[in-house]
Amino acid sequence: PEEEEMGGLDDGDDETLVLISSEDDNPKEFEISRKAALMCNLVKSILEGDNAAKKIPIKKVRGDILELIVEYLKHHNGKKPEEIAKPIRSVKMERIVADKWDAEYINKMNKKTIFQVILGANYMDLPSLLHLGCAKIATLIKGKSPEEIKNILADDSNDNKQEENKEDQ
């Protein structure tokens with residue numbers, strides 16, 4: 001009977017938390033189930049320190065990026081996706097992730113956004129999303145020459161120029 005009174009981190013899976021983005025002037029707030037949010041070790045450690053916390057500031061992640069991270073967390077809802085095999089076997093994300101949704105999710109982002117999501121996932125200590133983002137970048141550079149890799153990893157603002165050059169050739 002004593003054990004029942006002890007509230008663990010898993011208690012109240014149906015509870016919702018609010019993750020708050022880093023902007024000073026107009027931070028965005030995202031409601032998310034506690035179960036989904038616990039995939040982030042940052043959230044987990046905050047809740048270990050304060051189990052009653054309902055609003056969690058994510059200090060280094062902007063609203064637009066946090067929105068993408070929350071979308072990922074809600075989709076997986078606390079269930080860790082299958083690990084991505086390394087080294088990367090294909091340049092097609094659909095072939096290297098177990099969940100087709102993950103491939104579609106990361107494929108719709110431009111490079112700059114992927115890097116921001118990688119940084120956010122790293123800060124929030126969310127390994128599965130960190131690995132998904134890194135795997136996507138790996139597919140972009142797999143089998144390329146150093147010069148091609150340099151061009152691929154260059155800023156997105158160069159993308160348009162490269163596209164125009166290709167059309168001219």
# chains A, B, ... in the order shown; residues from 1 in each chain; ligands from 1
>>> residues_around(residues="Pro81 in chain A", least_positions_apart="2", cutoff="10 Å", atoms="only C-alpha atoms", output="PDB file with N, CA, C and O atoms, in the first residue's frame")
ATOM      1  N   HIS A  76       5.605  10.374 -31.878  1.00  0.00           N
ATOM      2  CA  HIS A  76       6.170   9.177 -31.233  1.00  0.00           C
ATOM      3  C   HIS A  76       5.556   8.899 -29.862  1.00  0.00           C
ATOM      4  O   HIS A  76       5.599   7.767 -29.387  1.00  0.00           O
ATOM      5  N   GLY A  78       6.202   9.155 -26.674  1.00  0.00           N
ATOM      6  CA  GLY A  78       6.903   8.425 -25.619  1.00  0.00           C
ATOM      7  C   GLY A  78       7.509   7.099 -26.051  1.00  0.00           C
ATOM      8  O   GLY A  78       8.255   6.488 -25.308  1.00  0.00           O
ATOM      9  N   LYS A  79       7.200   6.650 -27.265  1.00  0.00           N
ATOM     10  CA  LYS A  79       7.733   5.366 -27.734  1.00  0.00           C
ATOM     11  C   LYS A  79       8.969   5.637 -28.589  1.00  0.00           C
ATOM     12  O   LYS A  79       8.888   6.269 -29.642  1.00  0.00           O
ATOM     13  N   GLU A  83      16.286   2.316 -33.683  1.00  0.00           N
ATOM     14  CA  GLU A  83      17.536   3.029 -33.946  1.00  0.00           C
ATOM     15  C   GLU A  83      17.917   2.954 -35.427  1.00  0.00           C
ATOM     16  O   GLU A  83      17.653   1.951 -36.092  1.00  0.00           O
ATOM     17  N   ILE A  84      18.524   4.008 -35.915  1.00  0.00           N
ATOM     18  CA  ILE A  84      18.964   4.049 -37.313  1.00  0.00           C
ATOM     19  C   ILE A  84      20.315   3.341 -37.414  1.00  0.00           C
ATOM     20  O   ILE A  84      21.236   3.650 -36.661  1.00  0.00           O
ATOM     21  N   VAL A  97      15.023   4.512 -42.118  1.00  0.00           N
ATOM     22  CA  VAL A  97      14.241   4.640 -40.885  1.00  0.00           C
ATOM     23  C   VAL A  97      13.105   3.613 -40.896  1.00  0.00           C
ATOM     24  O   VAL A  97      12.586   3.280 -41.951  1.00  0.00           O
ATOM     25  N   ALA A  98      12.761   3.134 -39.708  1.00  0.00           N
ATOM     26  CA  ALA A  98      11.708   2.119 -39.612  1.00  0.00           C
ATOM     27  C   ALA A  98      10.328   2.750 -39.804  1.00  0.00           C
ATOM     28  O   ALA A  98       9.424   2.129 -40.354  1.00  0.00           O
ATOM     29  N   ASP A  99      10.178   3.999 -39.366  1.00  0.00           N
ATOM     30  CA  ASP A  99       8.879   4.678 -39.425  1.00  0.00           C
ATOM     31  C   ASP A  99       8.870   5.629 -40.627  1.00  0.00           C
ATOM     32  O   ASP A  99       9.638   6.586 -40.682  1.00  0.00           O
ATOM     33  N   ASP A 102       8.835   9.375 -40.051  1.00  0.00           N
ATOM     34  CA  ASP A 102      10.110  10.045 -39.755  1.00  0.00           C
ATOM     35  C   ASP A 102      10.770  10.537 -41.044  1.00  0.00           C
ATOM     36  O   ASP A 102      11.308  11.644 -41.087  1.00  0.00           O
ATOM     37  N   SER A 128      16.849  10.313 -30.354  1.00  0.00           N
ATOM     38  CA  SER A 128      16.273   9.751 -31.581  1.00  0.00           C
ATOM     39  C   SER A 128      16.104  10.821 -32.663  1.00  0.00           C
ATOM     40  O   SER A 128      16.348  10.564 -33.841  1.00  0.00           O
ATOM     41  N   LEU A 129      15.712  12.034 -32.279  1.00  0.00           N
ATOM     42  CA  LEU A 129      15.555  13.112 -33.262  1.00  0.00           C
ATOM     43  C   LEU A 129      16.924  13.641 -33.699  1.00  0.00           C
ATOM     44  O   LEU A 129      17.128  13.948 -34.872  1.00  0.00           O
ATOM     45  N   LEU A 132      18.079  11.230 -36.218  1.00  0.00           N
ATOM     46  CA  LEU A 132      17.306  11.365 -37.458  1.00  0.00           C
ATOM     47  C   LEU A 132      17.844  12.530 -38.288  1.00  0.00           C
ATOM     48  O   LEU A 132      18.077  12.395 -39.493  1.00  0.00           O
TER      49      LEU A 132
END
>>> closest_residue(among="A:Ala135, A:Leu66, A:Ile88, A:Leu73", to="Thr113 in chain A", atoms="only C-alpha atoms")
A:Leu66
>>> closest_residue(among="A:Ser33, A:Ser90, A:Ser145, A:Gln116", to="Gly133 in chain A", atoms="only C-alpha atoms")
A:Gln116
>>> atom_distance(atom1="CA of Arg34 in chain A", atom2="CA of Ile114 in chain A")
24.9 Å
>>> atom_distance(atom1="CA of Ala103 in chain A", atom2="CA of Glu31 in chain A")
24.1 Å
>>> residues_around(residues="Asp125 in chain A", least_positions_apart="6", cutoff="7 Å", atoms="only C-alpha atoms", output="PDB file with N, CA, C and O atoms, in the first residue's frame")
ATOM      1  N   CYS A  40      12.367  13.579 -24.044  1.00  0.00           N
ATOM      2  CA  CYS A  40      13.477  14.525 -23.908  1.00  0.00           C
ATOM      3  C   CYS A  40      14.083  14.382 -22.530  1.00  0.00           C
ATOM      4  O   CYS A  40      13.403  14.588 -21.528  1.00  0.00           O
ATOM      5  N   ASN A  41      15.368  14.084 -22.493  1.00  0.00           N
ATOM      6  CA  ASN A  41      16.022  13.950 -21.193  1.00  0.00           C
ATOM      7  C   ASN A  41      16.093  15.278 -20.441  1.00  0.00           C
ATOM      8  O   ASN A  41      16.127  15.299 -19.218  1.00  0.00           O
ATOM      9  N   LEU A  42      16.080  16.402 -21.173  1.00  0.00           N
ATOM     10  CA  LEU A  42      16.049  17.720 -20.520  1.00  0.00           C
ATOM     11  C   LEU A  42      14.761  17.845 -19.701  1.00  0.00           C
ATOM     12  O   LEU A  42      14.793  18.215 -18.528  1.00  0.00           O
TER      13      LEU A  42
END
>>> closest_residue(among="A:Ile106, A:Leu126, A:Ile56, A:Ala121", to="Met93 in chain A", atoms="only C-alpha atoms")
A:Ile106
>>> select_by_dssp(residues="range 1-148 of chain A", states="helix (DSSP H, G or I)", output="ChimeraX atom specification")
/A:2-5,34-37,41-49,63-76,93-96,100-107,111-123,127-141,146-148
>>> select_by_dssp(residues="range 19-114 of chain A", states="strand (DSSP E or B)", output="ChimeraX atom specification")
/A:19-20,29-33,55-57
>>> write_last_selection(atoms="N, CA and C atoms", output="mmCIF file, in the first residue's frame")
data_model
loop_
_atom_site.group_PDB
_atom_site.id
_atom_site.type_symbol
_atom_site.label_atom_id
_atom_site.label_comp_id
_atom_site.auth_asym_id
_atom_site.auth_seq_id
_atom_site.Cartn_x
_atom_site.Cartn_y
_atom_site.Cartn_z
ATOM 1 N N LEU A 19 5.531 23.374 -23.133
ATOM 2 C CA LEU A 19 6.921 23.719 -23.441
ATOM 3 C C LEU A 19 6.918 25.132 -24.002
ATOM 4 N N ILE A 20 7.821 25.966 -23.498
ATOM 5 C CA ILE A 20 7.843 27.379 -23.873
ATOM 6 C C ILE A 20 9.139 27.689 -24.614
ATOM 7 N N GLU A 29 4.012 28.823 -26.857
ATOM 8 C CA GLU A 29 3.753 27.749 -25.894
ATOM 9 C C GLU A 29 3.126 26.571 -26.618
ATOM 10 N N PHE A 30 3.615 25.374 -26.301
ATOM 11 C CA PHE A 30 3.110 24.165 -26.947
ATOM 12 C C PHE A 30 2.657 23.180 -25.882
ATOM 13 N N GLU A 31 1.390 22.779 -25.973
ATOM 14 C CA GLU A 31 0.874 21.784 -25.045
ATOM 15 C C GLU A 31 1.257 20.405 -25.550
ATOM 16 N N ILE A 32 1.678 19.570 -24.639
ATOM 17 C CA ILE A 32 2.126 18.228 -25.028
ATOM 18 C C ILE A 32 1.885 17.284 -23.858
ATOM 19 N N SER A 33 1.605 16.028 -24.163
ATOM 20 C CA SER A 33 1.393 15.080 -23.070
ATOM 21 C C SER A 33 2.719 14.847 -22.352
ATOM 22 N N LYS A 55 4.882 24.115 -16.697
ATOM 23 C CA LYS A 55 5.395 24.937 -17.801
ATOM 24 C C LYS A 55 6.914 24.832 -17.795
ATOM 25 N N ILE A 56 7.451 24.390 -18.917
ATOM 26 C CA ILE A 56 8.890 24.156 -18.985
ATOM 27 C C ILE A 56 9.512 25.045 -20.061
ATOM 28 N N PRO A 57 10.344 25.990 -19.640
ATOM 29 C CA PRO A 57 11.004 26.838 -20.638
ATOM 30 C C PRO A 57 12.132 26.074 -21.334
#
>>> closest_residue(among="A:Lys150, A:Lys59, A:Lys44, A:Leu68", to="Tyr105 in chain A", atoms="only C-alpha atoms")
A:Leu68
>>> atom_distance(atom1="CA of Lys142 in chain A", atom2="CA of Glu82 in chain A")
21.6 Å
>>> decode(residues="range 103-140 of chain A", atoms="N, CA, C and O atoms", output="short mmCIF file (atom, residue, chain, number, x, y, z; two decimals), in the first residue's frame")
data_model
loop_
_atom_site.label_atom_id
_atom_site.label_comp_id
_atom_site.auth_asym_id
_atom_site.auth_seq_id
_atom_site.Cartn_x
_atom_site.Cartn_y
_atom_site.Cartn_z
N ALA A 103 10.75 9.70 -42.07
CA ALA A 103 11.36 10.07 -43.35
C ALA A 103 10.65 11.28 -43.95
O ALA A 103 11.30 12.25 -44.38
N GLU A 104 9.33 11.24 -43.96
CA GLU A 104 8.56 12.37 -44.52
C GLU A 104 8.78 13.64 -43.71
O GLU A 104 8.93 14.73 -44.27
N TYR A 105 8.82 13.49 -42.39
CA TYR A 105 9.01 14.62 -41.47
C TYR A 105 10.33 15.34 -41.74
O TYR A 105 10.37 16.55 -41.91
N ILE A 106 11.42 14.58 -41.83
CA ILE A 106 12.74 15.21 -41.99
C ILE A 106 12.97 15.64 -43.45
O ILE A 106 13.64 16.62 -43.71
N ASN A 107 12.38 14.91 -44.41
CA ASN A 107 12.57 15.25 -45.83
C ASN A 107 11.93 16.56 -46.23
O ASN A 107 12.34 17.19 -47.20
N LYS A 108 10.90 16.99 -45.50
CA LYS A 108 10.22 18.24 -45.90
C LYS A 108 10.97 19.49 -45.43
O LYS A 108 10.58 20.60 -45.76
N MET A 109 12.05 19.31 -44.67
CA MET A 109 12.79 20.47 -44.14
C MET A 109 13.96 20.83 -45.04
O MET A 109 14.57 19.96 -45.65
N ASN A 110 14.29 22.14 -45.07
CA ASN A 110 15.51 22.52 -45.78
C ASN A 110 16.70 22.31 -44.83
O ASN A 110 16.52 22.06 -43.64
N LYS A 111 17.91 22.40 -45.39
CA LYS A 111 19.11 22.11 -44.59
C LYS A 111 19.22 22.98 -43.35
O LYS A 111 19.54 22.49 -42.27
N LYS A 112 18.96 24.26 -43.51
CA LYS A 112 19.09 25.19 -42.38
C LYS A 112 18.17 24.76 -41.24
O LYS A 112 18.57 24.75 -40.08
N THR A 113 16.94 24.38 -41.59
CA THR A 113 15.98 23.93 -40.57
C THR A 113 16.45 22.63 -39.93
O THR A 113 16.37 22.49 -38.71
N ILE A 114 16.97 21.71 -40.75
CA ILE A 114 17.46 20.44 -40.20
C ILE A 114 18.57 20.71 -39.17
O ILE A 114 18.55 20.15 -38.08
N PHE A 115 19.49 21.62 -39.51
CA PHE A 115 20.57 21.93 -38.56
C PHE A 115 20.01 22.55 -37.28
O PHE A 115 20.47 22.24 -36.18
N GLN A 116 18.99 23.41 -37.40
CA GLN A 116 18.37 24.01 -36.22
C GLN A 116 17.67 22.94 -35.37
O GLN A 116 17.74 22.97 -34.14
N VAL A 117 17.01 21.99 -36.04
CA VAL A 117 16.35 20.89 -35.32
C VAL A 117 17.40 20.01 -34.62
O VAL A 117 17.21 19.60 -33.48
N ILE A 118 18.52 19.76 -35.31
CA ILE A 118 19.61 18.98 -34.70
C ILE A 118 20.10 19.67 -33.43
O ILE A 118 20.26 19.05 -32.38
N LEU A 119 20.33 20.99 -33.52
CA LEU A 119 20.80 21.74 -32.35
C LEU A 119 19.76 21.71 -31.23
O LEU A 119 20.11 21.53 -30.06
N GLY A 120 18.49 21.87 -31.60
CA GLY A 120 17.41 21.83 -30.60
C GLY A 120 17.30 20.47 -29.94
O GLY A 120 17.15 20.36 -28.72
N ALA A 121 17.38 19.42 -30.75
CA ALA A 121 17.28 18.05 -30.22
C ALA A 121 18.48 17.75 -29.32
O ALA A 121 18.35 17.07 -28.30
N ASN A 122 19.64 18.29 -29.68
CA ASN A 122 20.83 18.10 -28.87
C ASN A 122 20.66 18.82 -27.53
O ASN A 122 20.90 18.24 -26.47
N TYR A 123 20.20 20.06 -27.57
CA TYR A 123 19.99 20.84 -26.34
C TYR A 123 18.94 20.17 -25.45
O TYR A 123 19.11 20.09 -24.23
N MET A 124 17.87 19.67 -26.07
CA MET A 124 16.79 19.05 -25.30
C MET A 124 17.11 17.60 -24.94
O MET A 124 16.34 16.94 -24.26
N ASP A 125 18.26 17.13 -25.39
CA ASP A 125 18.71 15.76 -25.14
C ASP A 125 17.65 14.75 -25.58
O ASP A 125 17.11 14.00 -24.79
N LEU A 126 17.39 14.80 -26.89
CA LEU A 126 16.41 13.93 -27.53
C LEU A 126 17.14 13.13 -28.60
O LEU A 126 17.15 13.49 -29.77
N PRO A 127 17.81 12.03 -28.18
CA PRO A 127 18.71 11.31 -29.08
C PRO A 127 18.09 10.82 -30.38
O PRO A 127 18.71 10.93 -31.44
N SER A 128 16.85 10.31 -30.35
CA SER A 128 16.27 9.75 -31.58
C SER A 128 16.10 10.82 -32.66
O SER A 128 16.35 10.56 -33.84
N LEU A 129 15.71 12.03 -32.28
CA LEU A 129 15.56 13.11 -33.26
C LEU A 129 16.92 13.64 -33.70
O LEU A 129 17.13 13.95 -34.87
N LEU A 130 17.86 13.71 -32.77
CA LEU A 130 19.23 14.11 -33.10
C LEU A 130 19.79 13.16 -34.18
O LEU A 130 20.32 13.60 -35.20
N HIS A 131 19.61 11.86 -33.97
CA HIS A 131 20.12 10.88 -34.93
C HIS A 131 19.39 10.95 -36.26
O HIS A 131 20.00 10.78 -37.31
N LEU A 132 18.08 11.23 -36.22
CA LEU A 132 17.31 11.37 -37.46
C LEU A 132 17.84 12.53 -38.29
O LEU A 132 18.08 12.39 -39.49
N GLY A 133 18.07 13.66 -37.64
CA GLY A 133 18.59 14.84 -38.34
C GLY A 133 19.98 14.59 -38.91
O GLY A 133 20.27 14.94 -40.06
N CYS A 134 20.84 13.98 -38.11
CA CYS A 134 22.21 13.69 -38.56
C CYS A 134 22.20 12.68 -39.71
O CYS A 134 22.99 12.81 -40.65
N ALA A 135 21.30 11.69 -39.63
CA ALA A 135 21.20 10.70 -40.71
C ALA A 135 20.78 11.38 -42.01
O ALA A 135 21.29 11.07 -43.09
N LYS A 136 19.88 12.35 -41.91
CA LYS A 136 19.43 13.08 -43.11
C LYS A 136 20.60 13.83 -43.74
O LYS A 136 20.80 13.78 -44.96
N ILE A 137 21.39 14.50 -42.92
CA ILE A 137 22.56 15.22 -43.43
C ILE A 137 23.54 14.21 -44.06
O ILE A 137 24.09 14.45 -45.12
N ALA A 138 23.70 13.06 -43.41
CA ALA A 138 24.60 12.02 -43.94
C ALA A 138 24.15 11.56 -45.32
O ALA A 138 24.97 11.32 -46.20
N THR A 139 22.81 11.46 -45.52
CA THR A 139 22.33 11.02 -46.84
C THR A 139 22.64 12.06 -47.92
O THR A 139 22.81 11.73 -49.08
N LEU A 140 22.71 13.33 -47.50
CA LEU A 140 23.00 14.39 -48.48
C LEU A 140 24.45 14.35 -48.95
O LEU A 140 24.76 14.77 -50.06
#
